[in-house]
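Structure file protein-v2.cif (mmCIF, C-alpha atoms and all ligand atoms) is printed below.
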```
data_protein
#
loop_
_atom_site.label_atom_id
_atom_site.label_comp_id
_atom_site.auth_asym_id
_atom_site.auth_seq_id
_atom_site.Cartn_x
_atom_site.Cartn_y
_atom_site.Cartn_z
CA MET A 1 18.92 2.25 15.84
CA GLU A 2 17.37 5.29 17.45
CA ILE A 3 13.70 5.31 18.36
CA ILE A 4 12.16 8.74 17.85
CA ARG A 5 8.76 9.74 19.19
CA THR A 6 8.56 13.46 18.47
CA VAL A 7 8.38 15.42 15.23
CA ALA A 8 10.94 17.96 16.53
CA GLU A 9 13.54 15.27 17.14
CA LEU A 10 12.81 13.58 13.81
CA LYS A 11 13.27 16.85 11.92
CA ALA A 12 16.54 17.61 13.73
CA LYS A 13 18.03 14.14 13.17
CA LEU A 14 17.03 13.91 9.54
CA SER A 15 18.15 17.36 8.57
CA LYS A 16 21.65 16.36 9.78
CA ALA A 17 21.38 13.06 7.87
CA ARG A 18 20.45 14.91 4.67
CA GLU A 19 23.51 17.12 4.95
CA ALA A 20 25.62 13.95 5.12
CA GLY A 21 23.98 12.08 2.21
CA SER A 22 20.83 10.43 0.91
CA VAL A 23 17.85 9.49 3.07
CA GLY A 24 15.42 6.63 2.36
CA LEU A 25 12.03 6.67 4.07
CA VAL A 26 9.79 3.62 4.44
CA PRO A 27 6.35 4.65 5.77
CA THR A 28 4.49 1.78 7.48
CA MET A 29 1.60 1.14 9.83
CA GLY A 30 3.61 -1.48 11.72
CA ALA A 31 2.75 -5.18 12.20
CA LEU A 32 5.82 -5.62 10.07
CA HIS A 33 6.36 -8.66 7.85
CA ALA A 34 8.75 -9.78 5.12
CA GLY A 35 7.00 -7.46 2.65
CA HIS A 36 8.01 -4.40 4.69
CA LEU A 37 11.47 -5.86 5.20
CA SER A 38 11.97 -6.10 1.43
CA LEU A 39 11.25 -2.34 1.14
CA ILE A 40 13.67 -1.64 3.97
CA GLU A 41 16.35 -3.84 2.41
CA ARG A 42 16.05 -1.90 -0.83
CA ALA A 43 16.11 1.44 1.00
CA ARG A 44 19.21 0.25 2.88
CA LYS A 45 21.00 -0.56 -0.40
CA GLU A 46 20.13 2.75 -2.04
CA ASN A 47 20.57 5.31 0.77
CA ASP A 48 23.08 6.45 3.38
CA THR A 49 20.42 6.79 6.06
CA VAL A 50 17.20 4.79 6.43
CA ALA A 51 14.19 5.93 8.45
CA VAL A 52 11.05 3.86 8.99
CA SER A 53 7.83 5.30 10.35
CA VAL A 54 5.41 3.11 12.29
CA PHE A 55 2.08 4.84 12.68
CA VAL A 56 -1.46 3.51 12.40
CA ASN A 57 -2.95 6.57 10.76
CA PRO A 58 -6.54 7.12 11.95
CA THR A 59 -7.47 9.55 9.18
CA GLN A 60 -7.20 6.88 6.48
CA PHE A 61 -9.58 4.42 8.17
CA ASN A 62 -13.13 4.95 6.98
CA ASN A 63 -14.24 1.98 9.08
CA PRO A 64 -13.78 2.48 12.87
CA GLN A 65 -13.76 -1.28 13.48
CA ASP A 66 -10.92 -1.74 11.00
CA LEU A 67 -8.93 0.86 12.95
CA THR A 68 -9.56 -0.84 16.30
CA THR A 69 -8.71 -4.31 15.05
CA TYR A 70 -5.63 -3.24 13.05
CA PRO A 71 -2.74 -5.30 14.50
CA ARG A 72 -0.28 -3.41 16.71
CA THR A 73 2.99 -5.18 17.52
CA GLU A 74 5.42 -2.43 18.55
CA GLU A 75 7.97 -4.56 20.42
CA ALA A 76 8.31 -7.14 17.65
CA ASP A 77 8.43 -4.33 15.05
CA MET A 78 11.32 -2.59 16.81
CA ALA A 79 13.29 -5.85 16.99
CA LEU A 80 12.80 -6.41 13.25
CA LEU A 81 13.81 -2.84 12.38
CA GLU A 82 16.93 -3.07 14.54
CA LYS A 83 17.91 -6.33 12.83
CA ALA A 84 17.25 -4.82 9.39
CA GLY A 85 19.83 -2.11 10.04
CA VAL A 86 17.43 0.83 10.18
CA ASP A 87 18.92 4.08 11.52
CA TYR A 88 15.77 5.80 12.78
CA ALA A 89 12.41 4.33 13.78
CA PHE A 90 9.76 7.04 14.09
CA ILE A 91 6.83 5.93 16.29
CA PRO A 92 4.74 8.97 17.09
CA SER A 93 1.48 9.16 19.03
CA VAL A 94 -1.70 10.32 17.30
CA GLU A 95 -1.48 13.64 19.23
CA GLU A 96 2.07 14.19 17.98
CA ILE A 97 1.00 13.85 14.35
CA TYR A 98 -2.38 15.56 14.67
CA PRO A 99 -2.10 18.18 17.45
CA THR A 100 -5.08 19.74 15.70
CA PRO A 101 -7.38 18.03 13.22
CA ASP A 102 -5.97 17.92 9.69
CA THR A 103 -8.64 19.57 7.56
CA ARG A 104 -6.67 19.56 4.32
CA VAL A 105 -8.51 18.18 1.31
CA PHE A 106 -6.23 17.12 -1.53
CA ASP A 107 -7.29 17.44 -5.14
CA LEU A 108 -6.23 13.90 -5.94
CA GLY A 109 -8.24 13.70 -9.16
CA PRO A 110 -9.35 10.63 -11.14
CA VAL A 111 -6.65 8.25 -9.80
CA ALA A 112 -8.32 8.45 -6.39
CA GLU A 113 -11.94 8.25 -7.52
CA VAL A 114 -12.16 4.59 -8.58
CA MET A 115 -11.72 1.23 -6.77
CA GLU A 116 -10.43 1.91 -3.22
CA GLY A 117 -11.41 5.56 -3.65
CA ALA A 118 -15.01 4.61 -4.44
CA MET A 119 -15.24 1.87 -1.80
CA ARG A 120 -13.49 3.72 1.04
CA PRO A 121 -14.56 7.38 0.98
CA GLY A 122 -11.90 9.62 2.54
CA HIS A 123 -9.30 6.86 2.64
CA PHE A 124 -6.94 8.33 0.08
CA ASN A 125 -7.27 11.84 1.46
CA GLY A 126 -6.15 10.39 4.81
CA VAL A 127 -3.22 8.64 3.12
CA ALA A 128 -2.26 11.93 1.42
CA GLN A 129 -2.47 13.74 4.78
CA ILE A 130 -0.15 11.38 6.63
CA VAL A 131 2.31 10.78 3.79
CA SER A 132 2.61 14.51 3.09
CA LYS A 133 3.29 15.13 6.79
CA LEU A 134 5.93 12.38 6.87
CA PHE A 135 7.55 13.76 3.71
CA ASP A 136 7.52 17.25 5.16
CA PHE A 137 9.12 16.10 8.44
CA THR A 138 11.78 13.92 6.82
CA ARG A 139 12.35 15.39 3.33
CA PRO A 140 13.73 12.05 2.14
CA THR A 141 15.66 11.52 -1.10
CA ARG A 142 13.54 8.44 -1.82
CA ALA A 143 10.41 6.88 -0.34
CA TYR A 144 9.48 3.22 -0.72
CA PHE A 145 6.01 1.71 -1.21
CA GLY A 146 4.79 -1.81 -1.97
CA GLU A 147 2.88 -2.58 -5.17
CA LYS A 148 0.27 -4.59 -3.27
CA ASP A 149 -1.37 -1.19 -2.72
CA PHE A 150 -1.05 -0.42 -6.41
CA GLN A 151 -3.54 2.44 -6.51
CA GLN A 152 -2.06 4.00 -3.38
CA ILE A 153 1.24 4.53 -5.21
CA ALA A 154 -0.55 6.42 -8.01
CA VAL A 155 -2.30 8.57 -5.40
CA ILE A 156 0.97 9.31 -3.60
CA ARG A 157 2.62 10.31 -6.89
CA ARG A 158 -0.28 12.71 -7.47
CA MET A 159 0.11 14.17 -3.95
CA VAL A 160 3.87 14.60 -4.56
CA GLU A 161 3.08 16.50 -7.76
CA LEU A 162 0.51 18.72 -5.98
CA GLU A 163 2.82 19.48 -3.05
CA LYS A 164 5.90 19.82 -5.29
CA PHE A 165 7.99 17.46 -3.19
CA GLU A 166 11.31 16.55 -4.77
CA ILE A 167 11.22 12.95 -3.67
CA GLU A 168 11.71 9.84 -5.75
CA ILE A 169 8.83 7.41 -5.22
CA VAL A 170 10.14 3.86 -5.49
CA ASP A 171 7.57 1.12 -6.06
CA CYS A 172 8.58 -2.35 -4.96
CA PRO A 173 7.16 -5.70 -6.10
CA ILE A 174 4.57 -7.59 -4.03
CA LYS A 175 6.09 -10.04 -1.57
CA ARG A 176 4.18 -13.33 -1.32
CA GLU A 177 3.92 -16.24 1.06
CA ASP A 178 5.16 -19.55 -0.43
CA ASP A 179 1.58 -20.42 -1.40
CA GLY A 180 1.11 -17.11 -3.24
CA LEU A 181 -0.93 -15.08 -0.74
CA ALA A 182 0.21 -11.44 -0.88
CA MET A 183 1.85 -10.52 2.42
CA SER A 184 -0.26 -8.14 4.49
CA SER A 185 -0.50 -7.13 8.12
CA ARG A 186 -4.15 -8.15 7.95
CA ASN A 187 -3.32 -11.81 7.15
CA VAL A 188 -2.86 -12.60 10.87
CA ARG A 189 -6.60 -12.03 11.31
CA LEU A 190 -7.52 -14.92 8.98
CA THR A 191 -8.78 -18.09 10.67
CA PRO A 192 -6.83 -21.26 9.74
CA GLU A 193 -9.65 -22.22 7.38
CA GLN A 194 -9.71 -18.81 5.68
CA ARG A 195 -5.91 -18.75 5.50
CA ALA A 196 -5.95 -22.13 3.73
CA ILE A 197 -8.34 -20.84 1.04
CA SER A 198 -6.81 -17.37 0.62
CA PRO A 199 -4.06 -18.35 -1.92
CA ALA A 200 -6.92 -18.90 -4.40
CA ILE A 201 -6.91 -15.13 -4.96
CA HIS A 202 -3.42 -15.06 -6.46
CA ARG A 203 -3.92 -18.43 -8.19
CA THR A 204 -7.03 -17.07 -9.91
CA LEU A 205 -5.32 -13.86 -10.96
CA GLU A 206 -2.45 -15.88 -12.44
CA GLY A 207 -4.93 -18.18 -14.18
CA SER A 208 -6.61 -15.12 -15.68
CA LEU A 209 -3.43 -14.28 -17.62
CA GLU A 210 -3.95 -17.28 -19.89
CA TRP A 211 -7.71 -16.67 -20.04
CA ALA A 212 -7.14 -13.01 -20.99
CA ALA A 213 -5.11 -14.04 -24.04
CA GLY A 214 -8.30 -15.30 -25.72
CA HIS A 215 -11.02 -13.22 -24.05
CA SER A 216 -12.22 -9.65 -23.69
CA VAL A 217 -11.66 -7.42 -20.67
CA GLU A 218 -15.27 -7.94 -19.57
CA GLU A 219 -15.00 -11.74 -19.89
CA THR A 220 -11.76 -11.73 -17.95
CA LYS A 221 -13.36 -9.73 -15.16
CA HIS A 222 -16.22 -12.23 -14.94
CA TYR A 223 -13.78 -15.14 -14.96
CA VAL A 224 -11.89 -13.75 -11.95
CA ILE A 225 -14.98 -12.73 -9.97
CA ASP A 226 -16.85 -16.02 -10.54
CA GLU A 227 -13.80 -18.15 -9.80
CA ILE A 228 -12.94 -16.40 -6.51
CA ASN A 229 -16.58 -16.27 -5.39
CA SER A 230 -16.85 -20.03 -5.92
CA PHE A 231 -14.65 -20.59 -2.85
CA PRO A 232 -16.25 -20.72 0.60
CA HIS A 233 -15.73 -17.60 2.78
CA MET A 234 -14.68 -15.51 -0.24
CA GLN A 235 -16.57 -12.57 -1.68
CA VAL A 236 -15.10 -10.25 -4.29
CA GLU A 237 -15.82 -6.60 -3.50
CA TYR A 238 -14.54 -5.44 -6.90
CA TYR A 239 -12.31 -6.57 -9.70
CA GLU A 240 -11.27 -3.83 -12.10
CA ILE A 241 -8.85 -3.95 -14.98
CA VAL A 242 -7.27 -0.52 -15.24
CA ASP A 243 -4.54 1.45 -16.95
CA ALA A 244 -1.43 1.21 -14.75
CA LEU A 245 -0.81 4.97 -14.81
CA THR A 246 -4.25 6.57 -14.78
CA MET A 247 -6.08 3.85 -12.76
CA GLN A 248 -9.03 4.27 -15.13
CA PRO A 249 -10.92 1.06 -16.01
CA ILE A 250 -10.37 -0.13 -19.58
CA THR A 251 -12.92 -1.88 -21.78
CA ASP A 252 -10.52 -3.05 -24.50
CA TRP A 253 -7.02 -4.47 -24.07
CA ASN A 254 -5.77 -2.09 -26.80
CA GLU A 255 -6.62 0.97 -24.71
CA THR A 256 -3.47 0.72 -22.64
CA GLN A 257 0.23 -0.17 -22.74
CA GLN A 258 -0.05 -1.78 -19.30
CA ALA A 259 -3.24 -3.23 -17.90
CA VAL A 260 -3.42 -4.12 -14.23
CA GLY A 261 -6.14 -6.16 -12.59
CA CYS A 262 -6.90 -4.98 -9.04
CA VAL A 263 -9.01 -7.09 -6.72
CA THR A 264 -10.45 -6.71 -3.25
CA VAL A 265 -11.83 -9.80 -1.59
CA PHE A 266 -13.55 -10.28 1.73
CA CYS A 267 -12.24 -13.50 3.20
CA GLY A 268 -14.64 -13.78 6.11
CA ASP A 269 -14.47 -10.23 7.48
CA VAL A 270 -10.83 -9.70 6.49
CA ARG A 271 -10.44 -7.43 3.48
CA LEU A 272 -7.59 -8.64 1.26
CA ILE A 273 -6.24 -6.88 -1.81
CA ASP A 274 -4.04 -8.08 -4.64
CA ASN A 275 -3.26 -7.27 -8.26
CA ILE A 276 -1.69 -8.61 -11.43
CA LYS A 277 -0.13 -7.07 -14.55
CA TYR A 278 -1.40 -8.32 -17.92
CA PRO A 279 1.05 -8.57 -20.83
CA SER A 280 0.65 -5.69 -23.28
CA LYS A 281 -1.57 -6.41 -26.31
CA LYS A 282 -0.95 -3.02 -27.88
O1 LIG B 1 0.46 1.44 3.04
C1 LIG B 1 0.43 1.76 4.26
O2 LIG B 1 0.86 1.01 5.13
C2 LIG B 1 -0.14 3.12 4.65
O3 LIG B 1 -1.19 3.46 3.82
C3 LIG B 1 0.93 4.24 4.69
C4 LIG B 1 1.50 4.49 3.30
C5 LIG B 1 2.03 3.86 5.64
C6 LIG B 1 0.28 5.53 5.17
O4 LIG B 1 -0.27 5.39 6.44
#
```
Can the structure in the file be given as structure tokens, please?
Amino acid sequence: MEIIRTVAELKAKLSKAREAGSVGLVPTMGALHAGHLSLIERARKENDTVAVSVFVNPTQFNNPQDLTTYPRTEEADMALLEKAGVDYAFIPSVEEIYPTPDTRVFDLGPVAEVMEGAMRPGHFNGVAQIVSKLFDFTRPTRAYFGEKDFQQIAVIRRMVELEKFEIEIVDCPIKREDDGLAMSSRNVRLTPEQRAISPAIHRTLEGSLEWAAGHSVEETKHYVIDEINSFPHMQVEYYEIVDALTMQPITDWNETQQAVGCVTVFCGDVRLIDNIKYPSKK
């Protein structure tokens, strides 16, 4: 595996790789776990060359404390990437990516206005900035993203459409711990007590599938929020049931082919997100 720290070198290496065959890109912010490794494994199967970027992107953090406390584990990350058979690890500095401030504002539309978009102003524009730069530098055949950040994938698809990138966006299923907690780099910040309670998020979402069969969208939302809030340390920030493509909240199960419930929960001061797909009632 080659470790690359400059954009110039990345561009040179990947333009050669593209001449030779397909390129899979897995953008990450490091603190790698089995969830990331499942994306890399898939990219490895489907492409001749695999590149992984490790960059904690400041422009997508609307909360400065979240940026400072975001886990950074470069040495361990490089060992994992090497073992996973990655060809190129791109670990740039902030100055390398943003030699001048990125003032671009993307017209991301309704998919970016709800849920994370409403709670974290500027977050998705920052994601669009960094992912568009990475796509521009690497011009991959395919790029891989995890469905834990369900709305992020919709936003990235919109950015790809706006920028006219010819890149296949591959969404990959959520990877979970044995007790159901969705894998996330933020999980290491949970205290043992919070960690022990945190699987209640997924358990509640799963429980809501049965509940939803006999109840309205509104009742199902209340069920999930009340159930999660009944646990100590846990506070739901939002629970929305949305159309899987448009991200717009639904009020009736018949409004959509695929409803997805997206939740954000503060477990202590750690912000955890998860989601679940409801069977179609259309
Ligand atoms: O999902 C993430 O880890 C980040 O938002 C991404 C896509 C790597 C952009 O910084």
Could you check how far atom CA of Lys277 of chain A sits from atom CA of Gly261 of chain A, in Å to one decimal?
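The value is 6.4 Å.
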Each chain A residue no farther than 8 Å from ligand LIG 1 (chain B), nearest pair in Å, all atoms listed in the file, as a tab-separated table:
```
residue	atom	partner	partner_atom	distance
A:Val26	CA	B:LIG1	C5	7.9
A:Pro27	CA	B:LIG1	C5	4.4
A:Thr28	CA	B:LIG1	C5	3.7
A:Met29	CA	B:LIG1	O2	4.8
A:Gly30	CA	B:LIG1	O2	7.6
A:Ser53	CA	B:LIG1	C5	7.6
A:Val54	CA	B:LIG1	C5	7.5
A:Phe55	CA	B:LIG1	O4	6.7
A:Val56	CA	B:LIG1	O4	6.4
A:Asn57	CA	B:LIG1	O4	5.2
A:Gln60	CA	B:LIG1	O4	7.1
A:Gly126	CA	B:LIG1	O4	7.9
A:Val127	CA	B:LIG1	C6	5.1
A:Ala128	CA	B:LIG1	C6	7.8
A:Ile130	CA	B:LIG1	O4	6.0
A:Val131	CA	B:LIG1	C6	5.8
A:Phe145	CA	B:LIG1	C4	7.0
A:Gly146	CA	B:LIG1	O1	7.4
A:Asp149	CA	B:LIG1	O1	6.6
A:Gln152	CA	B:LIG1	O3	7.3
```
A:Phe137, A:Phe90, A:Tyr223, A:Tyr239 ranked by distance to Arg18 of chain A, top pick (using only C-alpha atoms):
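Among the listed residues, A:Phe137 lies closest to Arg18 of chain A.
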Excluding same-chain residues fewer than 2 positions from Val263 of chain A, what lies within 9 Å of it counting all atoms listed in the file, as a PyMOL selection string?
chain A and resi 115+201+205+224-225+236-241+261+265+272-276
Name the residues in contact with Ile4 of chain A at a cut-off of 8 Å, using only C-alpha atoms, excluding same-chain residues fewer than 4 positions from it; report them as an NGL selection string.
:A and (9-10 or 88-92)
Point out the residue among A:Glu193, A:Asp107, A:Glu161, A:Glu147 with the least atom-to-atom distance to Lys175 of chain A, counting all atoms listed in the file.
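The answer is A:Glu147, which sits nearest to Lys175 of chain A.
Across the structure, atom CA of Thr246 of chain A and atom CA of Phe124 of chain A are spaced 15.2 Å apart.
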Closest to Lys11 of chain A among A:Phe150, A:Phe61, A:Phe135, A:Trp211, using only C-alpha atoms?
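Smallest separation from Lys11 of chain A among the options: A:Phe135.
Of the residues listed (A:Arg72, A:Ser38, A:Leu32, A:Thr6), A:Thr6 shows the shortest atom-to-atom separation from Pro99 of chain A; distances use all atoms listed in the file.
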Which one of A:His233, A:Lys83, A:His123, A:Arg157 sits closest to Met1 of chain A if you count all atoms listed in the file?
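Closest to Met1 of chain A of all the choices is A:Lys83.
The space between atom CA of Ile174 of chain A and atom CA of Cys262 of chain A spans 12.8 Å.
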Can you rebuild segment 10-43 of chain A with N, CA and C atoms and give it as a tab-separated table (two decimals), in the coordinates of the input?
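Contents of out.tsv, freshly written:
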```
chain	number	residue	atom	x	y	z
A	10	LEU	N	12.69	14.18	15.15
A	10	LEU	CA	12.81	13.58	13.81
A	10	LEU	C	13.38	14.60	12.82
A	11	LYS	N	12.82	15.81	12.85
A	11	LYS	CA	13.27	16.85	11.92
A	11	LYS	C	14.75	17.14	12.13
A	12	ALA	N	15.14	17.26	13.42
A	12	ALA	CA	16.54	17.61	13.73
A	12	ALA	C	17.49	16.51	13.24
A	13	LYS	N	17.15	15.26	13.54
A	13	LYS	CA	18.03	14.14	13.17
A	13	LYS	C	18.13	14.01	11.65
A	14	LEU	N	17.01	14.15	10.99
A	14	LEU	CA	17.03	13.91	9.54
A	14	LEU	C	17.60	15.08	8.76
A	15	SER	N	17.53	16.27	9.33
A	15	SER	CA	18.15	17.36	8.57
A	15	SER	C	19.68	17.20	8.61
A	16	LYS	N	20.20	16.68	9.71
A	16	LYS	CA	21.65	16.36	9.78
A	16	LYS	C	22.00	15.25	8.79
A	17	ALA	N	21.13	14.21	8.76
A	17	ALA	CA	21.38	13.06	7.87
A	17	ALA	C	21.41	13.51	6.41
A	18	ARG	N	20.52	14.44	6.06
A	18	ARG	CA	20.45	14.91	4.67
A	18	ARG	C	21.69	15.68	4.28
A	19	GLU	N	22.26	16.40	5.26
A	19	GLU	CA	23.51	17.12	4.95
A	19	GLU	C	24.62	16.12	4.63
A	20	ALA	N	24.54	14.95	5.29
A	20	ALA	CA	25.62	13.95	5.12
A	20	ALA	C	25.42	13.07	3.89
A	21	GLY	N	24.20	12.98	3.36
A	21	GLY	CA	23.98	12.08	2.21
A	21	GLY	C	22.50	11.84	1.96
A	22	SER	N	22.22	10.71	1.29
A	22	SER	CA	20.83	10.43	0.91
A	22	SER	C	20.05	9.79	2.06
A	23	VAL	N	18.73	10.03	2.02
A	23	VAL	CA	17.85	9.49	3.07
A	23	VAL	C	16.72	8.69	2.40
A	24	GLY	N	16.54	7.46	2.85
A	24	GLY	CA	15.42	6.63	2.36
A	24	GLY	C	14.38	6.53	3.45
A	25	LEU	N	13.12	6.77	3.09
A	25	LEU	CA	12.03	6.67	4.07
A	25	LEU	C	11.10	5.51	3.68
A	26	VAL	N	10.77	4.68	4.66
A	26	VAL	CA	9.79	3.62	4.44
A	26	VAL	C	8.62	3.86	5.41
A	27	PRO	N	7.51	4.44	4.90
A	27	PRO	CA	6.35	4.65	5.77
A	27	PRO	C	5.60	3.33	5.97
A	28	THR	N	5.25	3.01	7.21
A	28	THR	CA	4.49	1.78	7.48
A	28	THR	C	3.44	2.05	8.56
A	29	MET	N	2.53	1.08	8.71
A	29	MET	CA	1.60	1.14	9.83
A	29	MET	C	1.92	0.02	10.81
A	30	GLY	N	3.17	-0.46	10.77
A	30	GLY	CA	3.61	-1.48	11.72
A	30	GLY	C	3.07	-2.86	11.39
A	31	ALA	N	3.06	-3.75	12.41
A	31	ALA	CA	2.75	-5.18	12.20
A	31	ALA	C	3.62	-5.68	11.04
A	32	LEU	N	4.89	-5.43	11.19
A	32	LEU	CA	5.82	-5.62	10.07
A	32	LEU	C	5.99	-7.08	9.69
A	33	HIS	N	6.16	-7.31	8.38
A	33	HIS	CA	6.36	-8.66	7.85
A	33	HIS	C	7.43	-8.58	6.76
A	34	ALA	N	7.66	-9.72	6.11
A	34	ALA	CA	8.75	-9.78	5.12
A	34	ALA	C	8.53	-8.80	3.96
A	35	GLY	N	7.27	-8.44	3.70
A	35	GLY	CA	7.00	-7.46	2.65
A	35	GLY	C	7.64	-6.11	3.00
A	36	HIS	N	7.39	-5.67	4.24
A	36	HIS	CA	8.01	-4.40	4.69
A	36	HIS	C	9.53	-4.53	4.66
A	37	LEU	N	10.01	-5.70	5.11
A	37	LEU	CA	11.47	-5.86	5.20
A	37	LEU	C	12.12	-5.78	3.82
A	38	SER	N	11.38	-6.21	2.77
A	38	SER	CA	11.97	-6.10	1.43
A	38	SER	C	12.08	-4.63	1.00
A	39	LEU	N	11.15	-3.79	1.44
A	39	LEU	CA	11.25	-2.34	1.14
A	39	LEU	C	12.45	-1.75	1.88
A	40	ILE	N	12.59	-2.18	3.14
A	40	ILE	CA	13.67	-1.64	3.97
A	40	ILE	C	15.04	-2.07	3.42
A	41	GLU	N	15.09	-3.33	2.97
A	41	GLU	CA	16.35	-3.84	2.41
A	41	GLU	C	16.75	-3.00	1.19
A	42	ARG	N	15.76	-2.71	0.36
A	42	ARG	CA	16.05	-1.90	-0.83
A	42	ARG	C	16.47	-0.49	-0.44
A	43	ALA	N	15.75	0.09	0.54
A	43	ALA	CA	16.11	1.44	1.00
A	43	ALA	C	17.53	1.44	1.57
```
